[in-house]
Amino acid sequence: MKSKTNKYEANSEAIKDLFAETGLTQKSISKWVRDYNLNFSLRQYQRAVEGKILKEEVLNGIAVFFDKFLKEERSSKRNITLKDIVKDNDKPKDFNIKLSNGKLIDQKKYQNETVENCYLHRIESHEQITKIIKQSHSPKVLYPFNPTPNQINLIKKILEDFKTIFASFKKNDKKVSLETYDNLGDEINTLNVISGFSNNVEELKKEGVWLYSNNFIFSSIHIGLAFTEDVYEMFVRNKNYAIFCFQNFKTTSITFEYENSYPKKYLEEFVKKSPLVKDVSHEPVIFDLLEEHCRPYFENKGNIFDMSKTNLIKTDVSELLTDEEYQQIGEEYKKTEEDNAYDDSYDPRLD
C-alpha cells in the first residue's frame, strides 16, 4: 500500500477532458466535493489541471470525484481511477504473460497494465445500487472480516434485495405497458424493495458494517458468430461484474485491485495479430479450436476471474469533516472555509 507521502504528476489533458464530460461549472464543484465526502480544494484541482506534482491523496480524491459523478450523474460505464489522471512515471510491475512461438507481442508495452482497479464507493441509496446492478452481468461478493450472526443476517437480506432488483429488470423488459390500476401492484412492489433495501443498509450501519460497490470490467478471449452469422470470429469480450464489498469500517471509498496476467490491451493486440476465423461447419468443436489457438499464449484463454488475485485497499483520500463536526463548528465557519478554498475567478474549461 502506498503511503501518503507519494506524489504523482497530474495528467493535465486527461483531467480537462474528464471535466468537460461532467458539464459542470467551476462554482458547482464545491457542492459535489462536499456531497461525496472529499476534501480537495479548487486550488488543488487547478494545480492538477496545470499538470503539477501533487500528493496521492489529493489526486485520488479528484479521481473518485470524476468516477462517482460520471457514473451517477452521466450514466458512464467506465471506471476512472488514479492511473487515468496521472502520468505514468512508476517502475514497471511484474509481468507474467506466457509467451512462446516467438515474440508475437512486445511485452514491455503492457508492464504497467497488469494491476487493474476501480473504486468501490460507499452505498447510501437504492438508486446507487440499482445503476450498478443494471449494468452488470454477474455479481462478486466480498466480506473481508468475520461478521457476527446479526451482521450475517443483514448481509443475507441485502443479497436477497440484489436478487429482487436484478429480477425486476428482466420483468420490465418483457412486460407490456398497460395503463390499468392492476399494474399499480408493480409500483407497490418497487416501493417495498426500495424501502426494504434502505432499512437493511441503515440497520447494517448500526451493526458497524458498510456496503461498498461499483462495476468492474473483466476482459477475456472469446469466440462467437460474426455479423454475417456464417463464420465464427475470435474477439475480446468485456464482462461487467458488480463488486459488492461489506466492510467493518466507514470510508469514502475502497480500491478494488485485480492482478490480471492478460490486460485488455494485450488481448486486443493478440486478436489483431493472431485472428481466428472459422466457418459454421466447425461449430461442434469451435471452443476446442479456440483453446488450441490460445494455448501457446494463455492459460485458460485468460477467461477465468480468479478471486485469489483480488485485493482491497482503503483509498488514500482525505475526507471532509463529519456532519457532527460541521454542526459543532457552525455554518459560518464552514462558509468561510469554502470561500477560501474555491476561487471563483478560475474556470478550468477555458484553459
# chains A, B, ... in the order shown; residues from 1 in each chain; ligands from 1
call {"tool": "select_by_dssp", "arguments": {"residues": "range 19-82 of chain A", "states": "alpha helix (DSSP H)", "output": "PyMOL selection string"}}
result
chain A and resi 19-22+29-35+42-49+56-74
call {"tool": "residues_around", "arguments": {"residues": "range 239-251 of chain A", "least_positions_apart": "3", "cutoff": "9 Å", "atoms": "only C-alpha atoms", "output": "VMD selection string"}}
result
chain A and resid 37 120 to 122 132 to 133 135 to 145 147 155 205 207 to 220 254 256 314 to 315 319
call {"tool": "residues_around", "arguments": {"residues": "Leu276 in chain A", "least_positions_apart": "4", "cutoff": "12 Å", "atoms": "only C-alpha atoms", "output": "list of chain:residue names"}}
result
A:Ile221, A:His222, A:Ile223, A:Gly224, A:Leu225, A:Ala226, A:Val231, A:Tyr232, A:Glu233, A:Met234, A:Phe235, A:Val236, A:Phe270, A:Val271, A:Lys272, A:His282, A:Ile286, A:Phe287, A:Leu289, A:Leu290, A:Glu291, A:Glu292, A:His293, A:Cys294
call {"tool": "residues_around", "arguments": {"residues": "Lys7 in chain A", "least_positions_apart": "3", "cutoff": "6 Å", "atoms": "only C-alpha atoms", "output": "PDB file with C-alpha atoms, in the first residue's frame"}}
result
ATOM      1  CA  LEU A  54       0.542  16.519  -6.146  1.00  0.00           C
ATOM      2  CA  LYS A  55       0.060  14.143  -3.237  1.00  0.00           C
ATOM      3  CA  GLU A  56      -1.579  10.811  -3.939  1.00  0.00           C
TER       4      GLU A  56
END
call {"tool": "closest_residue", "arguments": {"among": "A:Asn6, A:Thr114, A:Asn39, A:Asn238", "to": "Tyr266 in chain A", "atoms": "only C-alpha atoms"}}
result
A:Thr114
call {"tool": "closest_residue", "arguments": {"among": "A:Gln128, A:Thr148, A:Thr310, A:Gln26", "to": "Thr255 in chain A", "atoms": "only C-alpha atoms"}}
result
A:Thr310
call {"tool": "closest_residue", "arguments": {"among": "A:Ile15, A:Leu267, A:Leu204, A:Leu312", "to": "Gln151 in chain A", "atoms": "only C-alpha atoms"}}
result
A:Leu204
call {"tool": "closest_residue", "arguments": {"among": "A:Glu50, A:Leu24, A:Tyr262, A:Ile304", "to": "Glu9 in chain A", "atoms": "only C-alpha atoms"}}
result
A:Glu50
call {"tool": "closest_residue", "arguments": {"among": "A:Ser281, A:Thr252, A:Asn79, A:Asn150", "to": "Glu57 in chain A", "atoms": "only C-alpha atoms"}}
result
A:Thr252
call {"tool": "residues_around", "arguments": {"residues": "Gly61 in chain A", "least_positions_apart": "5", "cutoff": "8 Å", "atoms": "only C-alpha atoms", "output": "list in words"}}
result
Leu38, Asn39, Phe40, Val317 and Ser318 of chain A
call {"tool": "atom_distance", "arguments": {"atom1": "CA of Arg237 in chain A", "atom2": "CA of Lys134 in chain A"}}
result
18.2 Å
